[in-house]
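Participant: The structure's right below; bear with me while I get my questions together.
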Amino acid sequence: MKDNLNFSFLPKHIGFIMDGNGRWAKQRGLERYEGHIEGAKTFRKIGEFAADIGIKCMTFYAFSTENWKRPQKEVDAIMQLFRDYLIEAEERKAENEEKGISLRFIGDRKGIPEDIIKLMEHIQSESSSKNNVIINIAINYGGRDEIVKAVKKIAADVKDGKVQINDIDEKMISDNLYTAGLPDPDLIIRPSGEYRTSNFLTYQSAYSELWFPDVLWPDFSEDDLIEALRAFEQRNRRFGGV
């Protein structure tokens, strides 16, 4: 399929809000965690396809700072899926290196099981020199929390005399976010029929194009992504200009 695709231009960075796993499972009389298993398969499929057609940066919203409120069984299942993915990523290290994939993990590490943190740090360190495709996985992530942390860093630098108040600008704030050094997302896709971004890349998405397909994440396909990219081609992105 990808060999026959031609785009006039592509987003440099796409954000994916992987929503609808629980509802997908409920519609089929399954446990919610079974929806997350299918959602994880879609994550792999879409990530690989997007990289193959030329998307250079992706951020997947895997687990929010609010998701800890979910039933413990579901939280445990999500963490196990994440653990399994990290182990698989380590096993596919050579393949990822060949494709030039850098895996990064954004969010607060607090609350995440220690063995998962160690795997995250190891994989991120091992792939840090690759820059053909950057895949961010947002786990225990919240956009407002990210901004608060950035403000605290800058405030500490002001207190220590490293930064003057008048030096603070948008770039300085951006440079203190988890996504420092990466382009802001041109396009954010949220399947499942919801029409909000739910605290995802709050600062970075000020000028993002939004796409809300009425399909649950486990059913999100390569064709759905192509449809979003075709729609993106038609958007007139003026950034406040004319």
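Following the order of the structure tokens, first chain is A, next is B, and so on, with residues numbered from 1 inside each chain and ligands from 1 in the order they appear.
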Please provide the set of residues having any atom within 8 Å of region 47-54 of chain A, restricted to only C-alpha atoms, with same-chain residues fewer than 3 positions apart removed, written as a PDB file with N, CA and C atoms, in the first residue's frame.
Facilitator:
ATOM      1  N   LYS A   2       1.880   1.265   0.868  1.00  0.00           N
ATOM      2  CA  LYS A   2       2.675   2.485   1.045  1.00  0.00           C
ATOM      3  C   LYS A   2       3.458   2.862  -0.206  1.00  0.00           C
ATOM      4  N   LEU A   5       1.574   5.393  -2.453  1.00  0.00           N
ATOM      5  CA  LEU A   5       1.089   6.613  -1.833  1.00  0.00           C
ATOM      6  C   LEU A   5       1.972   7.796  -2.209  1.00  0.00           C
ATOM      7  N   LEU A  10       3.711  16.108   4.217  1.00  0.00           N
ATOM      8  CA  LEU A  10       3.324  15.311   5.376  1.00  0.00           C
ATOM      9  C   LEU A  10       3.579  16.092   6.652  1.00  0.00           C
ATOM     10  N   PHE A  43      -1.237   0.207  17.988  1.00  0.00           N
ATOM     11  CA  PHE A  43      -0.099   1.105  18.191  1.00  0.00           C
ATOM     12  C   PHE A  43       1.101   0.650  17.373  1.00  0.00           C
ATOM     13  N   ARG A  44       1.421  -0.627  17.444  1.00  0.00           N
ATOM     14  CA  ARG A  44       2.555  -1.153  16.691  1.00  0.00           C
ATOM     15  C   ARG A  44       2.329  -0.990  15.182  1.00  0.00           C
ATOM     16  N   MET A  58       6.475  10.966  16.053  1.00  0.00           N
ATOM     17  CA  MET A  58       5.142  10.596  16.532  1.00  0.00           C
ATOM     18  C   MET A  58       5.138  10.596  18.053  1.00  0.00           C
ATOM     19  N   VAL A 133      13.597   8.356  12.751  1.00  0.00           N
ATOM     20  CA  VAL A 133      12.207   8.372  13.220  1.00  0.00           C
ATOM     21  C   VAL A 133      12.234   8.444  14.740  1.00  0.00           C
ATOM     22  N   ILE A 135       9.912   8.178  18.066  1.00  0.00           N
ATOM     23  CA  ILE A 135       8.626   7.755  18.624  1.00  0.00           C
ATOM     24  C   ILE A 135       8.628   8.057  20.114  1.00  0.00           C
ATOM     25  N   GLU A 222      -4.643   1.634   8.751  1.00  0.00           N
ATOM     26  CA  GLU A 222      -3.784   2.411   7.869  1.00  0.00           C
ATOM     27  C   GLU A 222      -4.615   3.326   6.975  1.00  0.00           C
TER      28      GLU A 222
END
Participant: Give me, as an MDAnalysis selection string, the residues of region 4-238 of chain A that a backbone DSSP run labels strand (DSSP E).
Facilitator: chainID A and resid 13:17 57:64 101:106 133:141 187:189 209:211
Participant: For the selection you just gave me, I'd like the residues written to a file as a compact mmCIF listing (two decimals), in the first residue's frame, keeping N, CA, C and O atoms.
Facilitator:
# COMPACT_ATOMS: atom_id res chain seq x y z
N HIS A 13 5.26 15.96 12.63
CA HIS A 13 5.01 15.35 13.95
C HIS A 13 3.51 15.11 14.08
O HIS A 13 2.71 16.02 13.89
N ILE A 14 3.14 13.88 14.38
CA ILE A 14 1.73 13.53 14.63
C ILE A 14 1.58 13.06 16.07
O ILE A 14 2.38 12.25 16.56
N GLY A 15 0.57 13.56 16.74
CA GLY A 15 0.21 13.07 18.06
C GLY A 15 -1.00 12.16 17.95
O GLY A 15 -1.97 12.50 17.27
N PHE A 16 -0.94 11.01 18.59
CA PHE A 16 -2.06 10.06 18.57
C PHE A 16 -2.61 9.90 19.99
O PHE A 16 -1.86 9.53 20.91
N ILE A 17 -3.89 10.17 20.17
CA ILE A 17 -4.57 9.90 21.44
C ILE A 17 -5.26 8.55 21.27
O ILE A 17 -6.27 8.44 20.56
N CYS A 57 8.27 11.99 13.23
CA CYS A 57 8.11 12.11 14.68
C CYS A 57 6.67 11.79 15.04
O CYS A 57 5.73 12.29 14.40
N MET A 58 6.48 10.97 16.05
CA MET A 58 5.14 10.60 16.53
C MET A 58 5.14 10.60 18.05
O MET A 58 6.14 10.23 18.67
N THR A 59 4.03 11.01 18.62
CA THR A 59 3.84 10.90 20.06
C THR A 59 2.54 10.17 20.32
O THR A 59 1.48 10.60 19.84
N PHE A 60 2.62 9.08 21.05
CA PHE A 60 1.44 8.26 21.37
C PHE A 60 1.08 8.45 22.85
O PHE A 60 1.93 8.25 23.72
N TYR A 61 -0.17 8.82 23.08
CA TYR A 61 -0.66 9.04 24.45
C TYR A 61 -1.08 7.69 25.01
O TYR A 61 -2.16 7.17 24.72
N ALA A 62 -0.21 7.09 25.82
CA ALA A 62 -0.44 5.73 26.29
C ALA A 62 -1.14 5.67 27.65
O ALA A 62 -1.97 4.79 27.89
N PHE A 63 -0.78 6.60 28.55
CA PHE A 63 -1.31 6.54 29.92
C PHE A 63 -1.19 7.94 30.52
O PHE A 63 -0.09 8.50 30.57
N SER A 64 -2.31 8.49 30.93
CA SER A 64 -2.31 9.86 31.44
C SER A 64 -2.13 9.90 32.95
O SER A 64 -2.28 8.88 33.64
N ILE A 101 15.24 4.22 14.35
CA ILE A 101 14.17 4.61 15.27
C ILE A 101 14.72 4.93 16.65
O ILE A 101 15.45 4.14 17.24
N SER A 102 14.35 6.09 17.15
CA SER A 102 14.68 6.48 18.51
C SER A 102 13.40 6.42 19.34
O SER A 102 12.40 7.07 19.01
N LEU A 103 13.42 5.63 20.41
CA LEU A 103 12.27 5.52 21.31
C LEU A 103 12.50 6.41 22.52
O LEU A 103 13.55 6.33 23.17
N ARG A 104 11.53 7.28 22.79
CA ARG A 104 11.62 8.16 23.95
C ARG A 104 10.35 8.03 24.79
O ARG A 104 9.28 7.71 24.27
N PHE A 105 10.49 8.32 26.05
CA PHE A 105 9.36 8.17 26.98
C PHE A 105 9.19 9.48 27.73
O PHE A 105 10.11 9.95 28.40
N ILE A 106 8.02 10.08 27.58
CA ILE A 106 7.77 11.37 28.20
C ILE A 106 6.69 11.23 29.27
O ILE A 106 5.75 10.45 29.13
N VAL A 133 13.60 8.36 12.75
CA VAL A 133 12.21 8.37 13.22
C VAL A 133 12.23 8.44 14.74
O VAL A 133 12.93 7.65 15.39
N ILE A 134 11.50 9.39 15.29
CA ILE A 134 11.40 9.53 16.75
C ILE A 134 10.00 9.15 17.19
O ILE A 134 9.01 9.70 16.70
N ILE A 135 9.91 8.18 18.07
CA ILE A 135 8.63 7.76 18.62
C ILE A 135 8.63 8.06 20.11
O ILE A 135 9.41 7.49 20.87
N ASN A 136 7.76 8.98 20.51
CA ASN A 136 7.57 9.31 21.92
C ASN A 136 6.39 8.51 22.45
O ASN A 136 5.32 8.48 21.81
N ILE A 137 6.55 7.91 23.60
CA ILE A 137 5.44 7.25 24.27
C ILE A 137 5.18 8.03 25.55
O ILE A 137 6.05 8.13 26.42
N ALA A 138 4.00 8.61 25.63
CA ALA A 138 3.62 9.43 26.78
C ALA A 138 2.96 8.54 27.83
O ALA A 138 1.86 8.04 27.63
N ILE A 139 3.66 8.33 28.94
CA ILE A 139 3.15 7.47 30.00
C ILE A 139 3.23 8.22 31.32
O ILE A 139 4.26 8.81 31.65
N ASN A 140 2.13 8.18 32.07
CA ASN A 140 1.95 9.04 33.25
C ASN A 140 2.21 10.49 32.85
O ASN A 140 2.98 11.21 33.49
N TYR A 141 1.57 10.87 31.76
CA TYR A 141 1.77 12.18 31.16
C TYR A 141 0.51 13.04 31.32
O TYR A 141 -0.61 12.57 31.14
N LEU A 187 -0.29 17.73 13.54
CA LEU A 187 -1.57 17.04 13.47
C LEU A 187 -1.75 16.19 14.72
O LEU A 187 -0.83 15.47 15.13
N ILE A 188 -2.93 16.27 15.32
CA ILE A 188 -3.28 15.40 16.44
C ILE A 188 -4.52 14.62 16.05
O ILE A 188 -5.52 15.20 15.61
N ILE A 189 -4.44 13.31 16.20
CA ILE A 189 -5.53 12.40 15.84
C ILE A 189 -6.08 11.75 17.09
O ILE A 189 -5.33 11.16 17.87
N GLU A 209 -3.38 20.93 13.83
CA GLU A 209 -4.63 20.54 13.18
C GLU A 209 -5.17 19.32 13.93
O GLU A 209 -4.40 18.48 14.40
N LEU A 210 -6.49 19.24 14.04
CA LEU A 210 -7.12 18.18 14.82
C LEU A 210 -7.97 17.30 13.90
O LEU A 210 -8.64 17.80 12.99
N TRP A 211 -7.94 16.01 14.16
CA TRP A 211 -8.72 15.06 13.37
C TRP A 211 -9.37 14.06 14.32
O TRP A 211 -8.69 13.42 15.11
Participant: So which bits of region 24-189 of chain A end up helix (DSSP H, G or I) when you DSSP the backbone, as a PyMOL selection string?
Facilitator: chain A and resi 24-27+32-53+67-69+72-91+93-99+114-126+143-159+165-167+170-175
Participant: Measuring between only C-alpha atoms, which one of A:His36, A:Lys153, A:Lys130, A:Arg235 shows the shortest distance to Lys93 (chain A)?
Facilitator: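 Checking each candidate against Lys93 (chain A), we get A:Lys130 as the closest.
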Participant: From the options A:Ile55, A:Asp160, A:Met79, A:Ser127, which residue's atoms come nearest to Pro185 (chain A), counting only C-alpha atoms?
Facilitator: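 Distance minimum relative to Pro185 (chain A) lands on A:Ile55.
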Participant: Which polymer residues have any atom within 9 Å of an atom of Thr179 (chain A), counting only C-alpha atoms, with same-chain residues fewer than 3 positions away left out, as a VMD selection string?
Facilitator: chain A and resid 106 136 174 to 176 182 to 184 201 204
